[in-house]
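Notes to accompany the following structure.
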There are 2 protein chains.
Amino acid sequence: MEALESVLVIEDDKMIRELLRLTLEKKFLILEASTARRSWEILTQHHADAIVMDLNLPDFCGLKLIKNIRKNHTHIPIIVLSGEKDDARKVQCFNVGADDFVEKPFCTDLLVARINAHLKRCKELNGLSNIEANDSLPSDSEQQMELNGWVVDPLKFQLFDKQGHSADLSSREFCLLQYFLMNEGRAISRQELCEAVREKNYVPTPRALDVKIARIRKKICGPKGGAQIIKTIRGVGYMLNLEN
Amino acid sequence: MEALESVLVIEDDKMIRELLRLTLEKKFLILEASTARRSWEILTQHHADAIVMDLNLPDFCGLKLIKNIRKNHTHIPIIVLSGEKDDARKVQCFNVGADDFVEKPFCTDLLVARINAHLKRCKELNGLSNIEANDSLPSDSEQQMELNGWVVDPLKFQLFDKQGHSADLSSREFCLLQYFLMNEGRAISRQELCEAVREKNYVPTPRALDVKIARIRKKICGPKGGAQIIKTIRGVGYMLNLEN
DNA sequence: AAAATACGTAACAAAAATGAAACAAAAATA
DNA sequence: TATTTTTGTTTCATTTTTGTTACGTATTTT
């Protein structure tokens, strides 16, 4: 009784996405995203066995997205699909954690074959490691992100200190913080931040964001504040600065 | 201290073989074969971590060679290098067990990147299988998983305490719990949980899941609850935490 | 320097998420 | 078919999260 494997397709071009869906849905359960943002949502809410993604997305750099996904999903096969001709950029994809690169235009059968090859590998891995299925623990240790003494645990949607105490962030506070982490060192407008955390039935106003950030600050810096990690950029928005 | 990884190059064209050697020997220990026959010899006498092979060999059909190698070397990455333009034949390669296909002419950097990607995967595999190999022997009898004083018996679809008393979980409650066990330490969204236990004619709503979890909790923690093993991650879903 | 603006903060109110119990429906079993 | 078990639904209580408002302070503008 084999369950159908699921493939997340991240592609902004509607035509190509359609093509991919039609081709792949015969063999896999398809999850679709047209933006990086949507792909994060899906990845936190669903299980995916593999990812096929375009490199050029409207809202986020493809390379960064790969890095980011790899941080939270150590083993998931990531297959990049792109019209990119430049070999150096292809190499970059592999360096940030991609497993394969398929140039557009592509042969659908070949893509399926490649996906299957990667899935086969993953199955071998999982077969060996039923117990080890929580692959996050051992491998995370090399990649865990630090933030002012806190350890970021995306799998648990939470920040922990060295003693394992939680920072008690709400899930949305944590999402917002993740967005800061992904855009570290860059000033982000309120507007963009609102977009970033927006969901169905949840659209915060810029002012509401101020409060949200104040709450995050209080939780991760202590009541005295100390050196603010999330800096205020007057007239613009906020910025996360790790190095200092 | 990382040992240099070894790559077996199977290629009859002397020029290309030379090129491959020059490129790859900076990163890997290179083994060379110009015929299928020679490649068998090498594989029986040496250890190789990956294979880069031409599809057109003088003495043997490339596809058959792949099949053959795969029979004896289940996990070794096989990267086919060929001038073949026909997509159907490429697909064939994957079907007989190849892991990758690179068309000639090729970018050497990209080839290196691809080899590395596959090697990385294999290392993950080996890392895990070592652990597995170690504790499978001594703890064979303790293969059973423990959960807050309960012993998980997947064959009986049930939890038992030390005295052998059943926790009286229904089969679906048990399935859900198993999914938690497989994803221990990670927050799982309601959506994903619903999909995980879903069957034909059985698609629980997220809300129904809350009730199901409440029932599991009551059965395995006692009416007082005690420290919840299945934690609630507000705004996300639930998470099983064994260590604490 | 006064006014306007931007932001921090606290307190309160509104909304949302979840737990619990009771009941109803469905499924399994005798 | 009758009975038991399992599952889903509804309702209500509780907790948590979030937004709003009001006010204070700092910064910029005039």
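Each chain in the structure tokens gets a letter, A, B and so on, in the order shown; residues start at 1 in every chain, and ligands are counted from 1 in the order they appear.
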Could you please select, counting only C-alpha atoms (C1' of nucleotides), the residues of chain B within 12 Å of chain C and state them as a ChimeraX atom specification? /B:170,201-202,206-207,209-215,217-218,223,225,231-238
With N, CA, C and O atoms retained, export the selected residues as an mmCIF file, in the first residue's frame.
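And here is the file that came out, out09.cif:
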data_model
loop_
_atom_site.group_PDB
_atom_site.id
_atom_site.type_symbol
_atom_site.label_atom_id
_atom_site.label_comp_id
_atom_site.auth_asym_id
_atom_site.auth_seq_id
_atom_site.Cartn_x
_atom_site.Cartn_y
_atom_site.Cartn_z
ATOM 1 N N SER B 170 -7.807 3.337 19.610
ATOM 2 C CA SER B 170 -8.403 2.811 18.374
ATOM 3 C C SER B 170 -7.303 2.778 17.313
ATOM 4 O O SER B 170 -6.252 3.401 17.455
ATOM 5 N N ASN B 201 -12.544 7.251 1.900
ATOM 6 C CA ASN B 201 -13.727 7.353 2.765
ATOM 7 C C ASN B 201 -13.410 7.791 4.184
ATOM 8 O O ASN B 201 -14.150 7.514 5.107
ATOM 9 N N TYR B 202 -12.259 8.409 4.340
ATOM 10 C CA TYR B 202 -11.969 8.912 5.687
ATOM 11 C C TYR B 202 -11.085 10.132 5.592
ATOM 12 O O TYR B 202 -9.888 10.025 5.368
ATOM 13 N N PRO B 206 -9.788 19.404 10.321
ATOM 14 C CA PRO B 206 -8.826 19.818 11.344
ATOM 15 C C PRO B 206 -9.442 19.820 12.743
ATOM 16 O O PRO B 206 -8.812 19.439 13.710
ATOM 17 N N ARG B 207 -10.674 20.222 12.792
ATOM 18 C CA ARG B 207 -11.320 20.281 14.108
ATOM 19 C C ARG B 207 -11.524 18.891 14.700
ATOM 20 O O ARG B 207 -11.416 18.696 15.907
ATOM 21 N N LEU B 209 -9.664 16.545 14.339
ATOM 22 C CA LEU B 209 -8.357 16.107 14.805
ATOM 23 C C LEU B 209 -8.103 16.540 16.244
ATOM 24 O O LEU B 209 -7.496 15.810 17.027
ATOM 25 N N ASP B 210 -8.555 17.744 16.577
ATOM 26 C CA ASP B 210 -8.395 18.226 17.947
ATOM 27 C C ASP B 210 -9.005 17.226 18.920
ATOM 28 O O ASP B 210 -8.402 16.878 19.935
ATOM 29 N N VAL B 211 -10.191 16.789 18.575
ATOM 30 C CA VAL B 211 -10.879 15.850 19.454
ATOM 31 C C VAL B 211 -10.103 14.551 19.550
ATOM 32 O O VAL B 211 -9.916 13.991 20.632
ATOM 33 N N LYS B 212 -9.638 14.108 18.390
ATOM 34 C CA LYS B 212 -8.890 12.861 18.357
ATOM 35 C C LYS B 212 -7.650 12.956 19.245
ATOM 36 O O LYS B 212 -7.335 12.034 20.004
ATOM 37 N N ILE B 213 -6.996 14.070 19.175
ATOM 38 C CA ILE B 213 -5.782 14.241 19.978
ATOM 39 C C ILE B 213 -6.126 14.325 21.461
ATOM 40 O O ILE B 213 -5.443 13.756 22.304
ATOM 41 N N ALA B 214 -7.208 15.001 21.751
ATOM 42 C CA ALA B 214 -7.646 15.069 23.147
ATOM 43 C C ALA B 214 -7.879 13.659 23.676
ATOM 44 O O ALA B 214 -7.520 13.339 24.816
ATOM 45 N N ARG B 215 -8.465 12.809 22.836
ATOM 46 C CA ARG B 215 -8.737 11.432 23.284
ATOM 47 C C ARG B 215 -7.450 10.652 23.497
ATOM 48 O O ARG B 215 -7.317 9.924 24.473
ATOM 49 N N ARG B 217 -4.581 11.916 24.207
ATOM 50 C CA ARG B 217 -3.961 12.466 25.413
ATOM 51 C C ARG B 217 -4.567 11.858 26.661
ATOM 52 O O ARG B 217 -3.864 11.476 27.596
ATOM 53 N N LYS B 218 -5.874 11.810 26.684
ATOM 54 C CA LYS B 218 -6.542 11.303 27.880
ATOM 55 C C LYS B 218 -6.139 9.859 28.136
ATOM 56 O O LYS B 218 -5.877 9.455 29.266
ATOM 57 N N PRO B 223 -6.312 10.938 33.144
ATOM 58 C CA PRO B 223 -7.298 12.032 33.110
ATOM 59 C C PRO B 223 -6.713 13.361 33.559
ATOM 60 O O PRO B 223 -7.125 14.406 33.104
ATOM 61 N N GLY B 225 -3.921 14.513 32.940
ATOM 62 C CA GLY B 225 -3.111 15.136 31.889
ATOM 63 C C GLY B 225 -1.638 15.012 32.187
ATOM 64 O O GLY B 225 -0.909 14.381 31.474
ATOM 65 N N LYS B 231 2.400 18.209 22.562
ATOM 66 C CA LYS B 231 2.256 19.634 22.875
ATOM 67 C C LYS B 231 1.399 20.329 21.835
ATOM 68 O O LYS B 231 1.398 19.947 20.671
ATOM 69 N N THR B 232 0.733 21.359 22.251
ATOM 70 C CA THR B 232 -0.010 22.185 21.319
ATOM 71 C C THR B 232 0.890 23.315 20.850
ATOM 72 O O THR B 232 1.493 24.001 21.664
ATOM 73 N N ILE B 233 1.011 23.487 19.565
ATOM 74 C CA ILE B 233 1.731 24.634 19.033
ATOM 75 C C ILE B 233 0.677 25.567 18.473
ATOM 76 O O ILE B 233 0.182 25.390 17.369
ATOM 77 N N ARG B 234 0.339 26.513 19.268
ATOM 78 C CA ARG B 234 -0.753 27.413 18.922
ATOM 79 C C ARG B 234 -0.545 28.062 17.558
ATOM 80 O O ARG B 234 0.538 28.539 17.266
ATOM 81 N N GLY B 235 -1.609 28.066 16.783
ATOM 82 C CA GLY B 235 -1.518 28.697 15.465
ATOM 83 C C GLY B 235 -0.889 27.801 14.425
ATOM 84 O O GLY B 235 -0.817 28.150 13.257
ATOM 85 N N VAL B 236 -0.431 26.644 14.824
ATOM 86 C CA VAL B 236 0.215 25.737 13.877
ATOM 87 C C VAL B 236 -0.428 24.357 13.919
ATOM 88 O O VAL B 236 -1.109 23.935 12.992
ATOM 89 N N GLY B 237 -0.240 23.693 15.026
ATOM 90 C CA GLY B 237 -0.774 22.343 15.148
ATOM 91 C C GLY B 237 -0.275 21.698 16.425
ATOM 92 O O GLY B 237 -0.375 22.299 17.487
ATOM 93 N N TYR B 238 0.284 20.527 16.289
ATOM 94 C CA TYR B 238 0.746 19.807 17.469
ATOM 95 C C TYR B 238 2.154 19.279 17.260
ATOM 96 O O TYR B 238 2.632 19.179 16.138
#
As an MDAnalysis selection string, please: all residues of range 49-243 of chain B that backbone DSSP puts in alpha helix (DSSP H). chainID B and resid 62:72 87:95 108:136 171:182 190:197 206:221
Considering only C-alpha atoms (C1' of nucleotides), tabulate each residue of chain D that lies at most 9 Å from chain B along with its nearest interatomic pair and the corresponding distance in Å to one decimal; arrange the rows by chain and ascending residue number and present them as a Markdown table.
| residue | atom | partner | partner_atom | distance |
| --- | --- | --- | --- | --- |
| D:DT6 | C1' | B:Ser170 | CA | 7.4 |
| D:DT7 | C1' | B:Ala208 | CA | 8.4 |
| D:DG8 | C1' | B:Ala208 | CA | 6.3 |
| D:DT9 | C1' | B:Ala208 | CA | 8.4 |
| D:DT16 | C1' | B:Arg234 | CA | 8.3 |
With N, CA and C atoms (P, O5', C5', C4', C3', O3' and C1' of nucleotides) kept, could you save the residues just selected as a PDB file, in the first residue's frame?
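Writing the result to result-v2.pdb gives the following:
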ATOM      1  P    DT D   6     -13.079   1.234  20.260  1.00  0.00           P
ATOM      2  O5'  DT D   6     -13.365   2.301  19.123  1.00  0.00           O
ATOM      3  C5'  DT D   6     -13.504   1.842  17.793  1.00  0.00           C
ATOM      4  C4'  DT D   6     -13.989   2.978  16.946  1.00  0.00           C
ATOM      5  C3'  DT D   6     -13.139   4.251  17.044  1.00  0.00           C
ATOM      6  O3'  DT D   6     -12.637   4.504  15.744  1.00  0.00           O
ATOM      7  C1'  DT D   6     -15.457   4.740  17.133  1.00  0.00           C
ATOM      8  P    DT D   7     -11.628   5.681  15.507  1.00  0.00           P
ATOM      9  O5'  DT D   7     -12.597   6.863  15.079  1.00  0.00           O
ATOM     10  C5'  DT D   7     -13.422   6.691  13.936  1.00  0.00           C
ATOM     11  C4'  DT D   7     -14.381   7.838  13.832  1.00  0.00           C
ATOM     12  C3'  DT D   7     -13.732   9.219  13.923  1.00  0.00           C
ATOM     13  O3'  DT D   7     -13.826   9.831  12.654  1.00  0.00           O
ATOM     14  C1'  DT D   7     -15.762   9.085  15.165  1.00  0.00           C
ATOM     15  P    DG D   8     -13.329  11.329  12.476  1.00  0.00           P
ATOM     16  O5'  DG D   8     -14.686  12.135  12.645  1.00  0.00           O
ATOM     17  C5'  DG D   8     -15.756  11.844  11.755  1.00  0.00           C
ATOM     18  C4'  DG D   8     -16.936  12.741  12.057  1.00  0.00           C
ATOM     19  C3'  DG D   8     -16.631  14.245  12.034  1.00  0.00           C
ATOM     20  O3'  DG D   8     -17.683  14.892  11.333  1.00  0.00           O
ATOM     21  C1'  DG D   8     -17.569  13.652  14.130  1.00  0.00           C
ATOM     22  P    DT D   9     -17.618  16.445  11.106  1.00  0.00           P
ATOM     23  O5'  DT D   9     -18.625  16.994  12.192  1.00  0.00           O
ATOM     24  C5'  DT D   9     -19.935  16.431  12.269  1.00  0.00           C
ATOM     25  C4'  DT D   9     -20.761  17.183  13.308  1.00  0.00           C
ATOM     26  C3'  DT D   9     -20.527  18.690  13.320  1.00  0.00           C
ATOM     27  O3'  DT D   9     -21.794  19.314  13.265  1.00  0.00           O
ATOM     28  C1'  DT D   9     -20.229  17.790  15.500  1.00  0.00           C
ATOM     29  P    DT D  16      -2.639  30.563  28.520  1.00  0.00           P
ATOM     30  O5'  DT D  16      -2.556  31.178  27.060  1.00  0.00           O
ATOM     31  C5'  DT D  16      -2.794  30.332  25.950  1.00  0.00           C
ATOM     32  C4'  DT D  16      -2.865  31.160  24.709  1.00  0.00           C
ATOM     33  C3'  DT D  16      -1.755  32.207  24.592  1.00  0.00           C
ATOM     34  O3'  DT D  16      -1.057  31.899  23.410  1.00  0.00           O
ATOM     35  C1'  DT D  16      -3.886  33.145  24.087  1.00  0.00           C
TER      36       DT D  16
END
What are the closest atom pairs, with distances in Å to one decimal, for each residue of chain A lying within 7 Å of chain B, using only C-alpha atoms, rows by chain and rising residue number, as a Markdown table?
| residue | atom | partner | partner_atom | distance |
| --- | --- | --- | --- | --- |
| A:Gln45 | CA | B:Ser189 | CA | 5.2 |
| A:His46 | CA | B:Glu192 | CA | 4.8 |
| A:His47 | CA | B:Glu192 | CA | 6.3 |
| A:Asp87 | CA | B:Leu110 | CA | 6.5 |
| A:Lys90 | CA | B:Leu110 | CA | 6.9 |
| A:Val91 | CA | B:Leu110 | CA | 5.4 |
| A:Phe94 | CA | B:Ala113 | CA | 6.0 |
| A:Asp99 | CA | B:Ala117 | CA | 5.9 |
| A:Cys107 | CA | B:Asp87 | CA | 6.8 |
| A:Asp109 | CA | B:Val91 | CA | 6.9 |
| A:Leu110 | CA | B:Val91 | CA | 5.4 |
| A:Ala113 | CA | B:Val91 | CA | 5.9 |
| A:Ala117 | CA | B:Asp99 | CA | 5.9 |
| A:Leu125 | CA | B:Leu125 | CA | 5.6 |
| A:Leu128 | CA | B:Ser129 | CA | 6.2 |
| A:Ser129 | CA | B:Leu128 | CA | 6.7 |
| A:Ala133 | CA | B:Met182 | CA | 5.8 |
| A:Asn134 | CA | B:Asn183 | CA | 5.7 |
| A:Leu155 | CA | B:Arg186 | CA | 4.9 |
| A:Lys156 | CA | B:Ala187 | CA | 5.1 |
| A:Ser171 | CA | B:Gly235 | CA | 5.8 |
All heavy atoms of the current selection, written as a compact mmCIF listing (two decimals), in the first residue's frame:
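Listed below is the output, out25.txt:
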# COMPACT_ATOMS: atom_id res chain seq x y z
N GLN A 45 2.89 23.65 6.14
CA GLN A 45 1.58 23.06 6.39
C GLN A 45 1.40 21.67 5.79
O GLN A 45 0.48 20.95 6.13
CB GLN A 45 0.48 23.99 5.85
CG GLN A 45 0.33 25.23 6.71
CD GLN A 45 -0.45 26.31 5.99
OE1 GLN A 45 -1.10 26.04 5.00
NE2 GLN A 45 -0.36 27.52 6.49
N HIS A 46 2.25 21.33 4.85
CA HIS A 46 2.08 20.03 4.19
C HIS A 46 3.40 19.28 4.18
O HIS A 46 4.46 19.86 4.36
CB HIS A 46 1.60 20.22 2.75
CG HIS A 46 0.32 20.96 2.65
ND1 HIS A 46 -0.89 20.32 2.53
CD2 HIS A 46 0.05 22.28 2.66
CE1 HIS A 46 -1.84 21.23 2.47
NE2 HIS A 46 -1.30 22.43 2.54
N HIS A 47 3.27 18.02 3.87
CA HIS A 47 4.48 17.24 3.69
C HIS A 47 4.78 17.13 2.19
O HIS A 47 3.89 16.84 1.40
CB HIS A 47 4.30 15.85 4.27
CG HIS A 47 5.39 14.92 3.87
ND1 HIS A 47 6.64 14.96 4.46
CD2 HIS A 47 5.45 13.97 2.91
CE1 HIS A 47 7.40 14.06 3.89
NE2 HIS A 47 6.71 13.44 2.94
N ASP A 87 26.73 28.43 -16.91
CA ASP A 87 27.13 27.28 -16.10
C ASP A 87 27.51 27.67 -14.69
O ASP A 87 27.25 26.95 -13.73
CB ASP A 87 28.29 26.54 -16.78
CG ASP A 87 27.83 25.78 -18.00
OD1 ASP A 87 26.69 25.29 -17.98
OD2 ASP A 87 28.59 25.72 -18.98
N LYS A 90 24.61 27.76 -12.58
CA LYS A 90 24.13 26.41 -12.28
C LYS A 90 24.92 25.82 -11.12
O LYS A 90 24.36 25.23 -10.20
CB LYS A 90 24.29 25.52 -13.51
CG LYS A 90 23.38 25.89 -14.67
CD LYS A 90 23.55 24.89 -15.80
CE LYS A 90 22.90 25.39 -17.08
NZ LYS A 90 23.24 24.55 -18.23
N VAL A 91 26.23 26.01 -11.20
CA VAL A 91 27.09 25.49 -10.13
C VAL A 91 26.68 26.10 -8.79
O VAL A 91 26.59 25.41 -7.78
CB VAL A 91 28.57 25.80 -10.43
CG1 VAL A 91 29.44 25.45 -9.24
CG2 VAL A 91 29.02 25.04 -11.66
N PHE A 94 23.92 24.25 -7.09
CA PHE A 94 24.37 23.05 -6.38
C PHE A 94 25.05 23.43 -5.07
O PHE A 94 24.86 22.79 -4.04
CB PHE A 94 25.33 22.24 -7.26
CG PHE A 94 24.64 21.47 -8.34
CD1 PHE A 94 24.60 21.94 -9.65
CD2 PHE A 94 24.02 20.26 -8.05
CE1 PHE A 94 23.95 21.22 -10.63
CE2 PHE A 94 23.38 19.54 -9.04
CZ PHE A 94 23.34 20.02 -10.34
N ASP A 99 19.86 19.69 -5.65
CA ASP A 99 20.28 18.33 -5.98
C ASP A 99 20.38 18.12 -7.47
O ASP A 99 21.03 17.19 -7.93
CB ASP A 99 19.29 17.32 -5.40
CG ASP A 99 19.36 17.30 -3.91
OD1 ASP A 99 20.27 16.68 -3.38
OD2 ASP A 99 18.51 17.95 -3.26
N CYS A 107 12.45 18.08 -21.23
CA CYS A 107 11.64 16.92 -21.62
C CYS A 107 10.93 16.41 -20.37
O CYS A 107 11.57 16.14 -19.36
CB CYS A 107 12.55 15.83 -22.19
SG CYS A 107 11.80 14.20 -22.20
N ASP A 109 9.36 13.64 -19.64
CA ASP A 109 9.68 12.28 -19.22
C ASP A 109 11.00 12.24 -18.46
O ASP A 109 11.15 11.53 -17.47
CB ASP A 109 9.79 11.34 -20.43
CG ASP A 109 8.42 11.05 -21.01
OD1 ASP A 109 7.42 11.34 -20.31
OD2 ASP A 109 8.35 10.55 -22.14
N LEU A 110 11.92 13.02 -18.97
CA LEU A 110 13.23 13.06 -18.34
C LEU A 110 13.13 13.67 -16.95
O LEU A 110 13.76 13.19 -16.00
CB LEU A 110 14.18 13.88 -19.22
CG LEU A 110 15.67 13.73 -18.96
CD1 LEU A 110 16.09 12.27 -18.92
CD2 LEU A 110 16.46 14.46 -20.03
N ALA A 113 11.85 11.12 -14.72
CA ALA A 113 12.89 10.13 -14.41
C ALA A 113 13.85 10.67 -13.36
O ALA A 113 14.25 9.97 -12.43
CB ALA A 113 13.66 9.78 -15.69
N ALA A 117 14.56 9.27 -9.63
CA ALA A 117 15.90 8.88 -9.19
C ALA A 117 16.20 9.47 -7.82
O ALA A 117 16.71 8.79 -6.92
CB ALA A 117 16.95 9.34 -10.20
N LEU A 125 17.25 6.21 2.14
CA LEU A 125 17.62 6.92 3.35
C LEU A 125 16.58 6.71 4.44
O LEU A 125 16.91 6.40 5.58
CB LEU A 125 17.73 8.41 3.02
CG LEU A 125 18.51 9.27 3.99
CD1 LEU A 125 19.98 9.16 3.68
CD2 LEU A 125 18.06 10.70 3.89
N LEU A 128 16.33 3.16 5.94
CA LEU A 128 17.33 2.86 6.94
C LEU A 128 17.04 3.53 8.27
O LEU A 128 17.45 3.07 9.31
CB LEU A 128 18.71 3.34 6.45
CG LEU A 128 19.35 2.46 5.39
CD1 LEU A 128 20.63 3.12 4.90
CD2 LEU A 128 19.66 1.10 6.00
N SER A 129 16.33 4.61 8.19
CA SER A 129 16.28 5.46 9.37
C SER A 129 14.88 5.73 9.86
O SER A 129 14.53 6.86 10.07
CB SER A 129 16.96 6.78 9.06
OG SER A 129 16.26 7.37 7.99
N ALA A 133 14.18 9.06 11.79
CA ALA A 133 13.36 9.94 10.97
C ALA A 133 13.39 11.38 11.46
O ALA A 133 13.17 12.30 10.70
CB ALA A 133 11.92 9.46 10.95
N ASN A 134 13.67 11.59 12.73
CA ASN A 134 13.77 12.97 13.15
C ASN A 134 15.16 13.47 12.81
O ASN A 134 15.95 13.86 13.64
CB ASN A 134 13.43 13.12 14.63
CG ASN A 134 14.52 12.59 15.52
OD1 ASN A 134 15.62 13.12 15.52
ND2 ASN A 134 14.23 11.59 16.28
N LEU A 155 11.64 24.10 13.05
CA LEU A 155 10.75 22.94 13.12
C LEU A 155 9.80 23.05 14.29
O LEU A 155 8.69 22.55 14.25
CB LEU A 155 11.57 21.66 13.24
CG LEU A 155 12.47 21.36 12.05
CD1 LEU A 155 13.30 20.13 12.31
CD2 LEU A 155 11.62 21.18 10.80
N LYS A 156 10.25 23.70 15.32
CA LYS A 156 9.40 23.85 16.50
C LYS A 156 8.71 25.21 16.52
O LYS A 156 8.02 25.54 17.46
CB LYS A 156 10.22 23.67 17.77
CG LYS A 156 10.77 22.26 17.96
CD LYS A 156 11.40 22.14 19.35
CE LYS A 156 11.66 20.71 19.76
NZ LYS A 156 12.61 19.99 18.92
N SER A 171 3.22 31.89 17.09
CA SER A 171 3.63 31.37 15.78
C SER A 171 3.81 32.51 14.77
O SER A 171 4.70 32.48 13.94
CB SER A 171 2.64 30.35 15.26
OG SER A 171 1.37 30.93 15.11
Residue neighbourhood Glu32 in chain B, 7 Å, only C-alpha atoms (C1' of nucleotides), exclusion window fewer than 4 positions, as a PyMOL selection string: chain B and resi 8-10
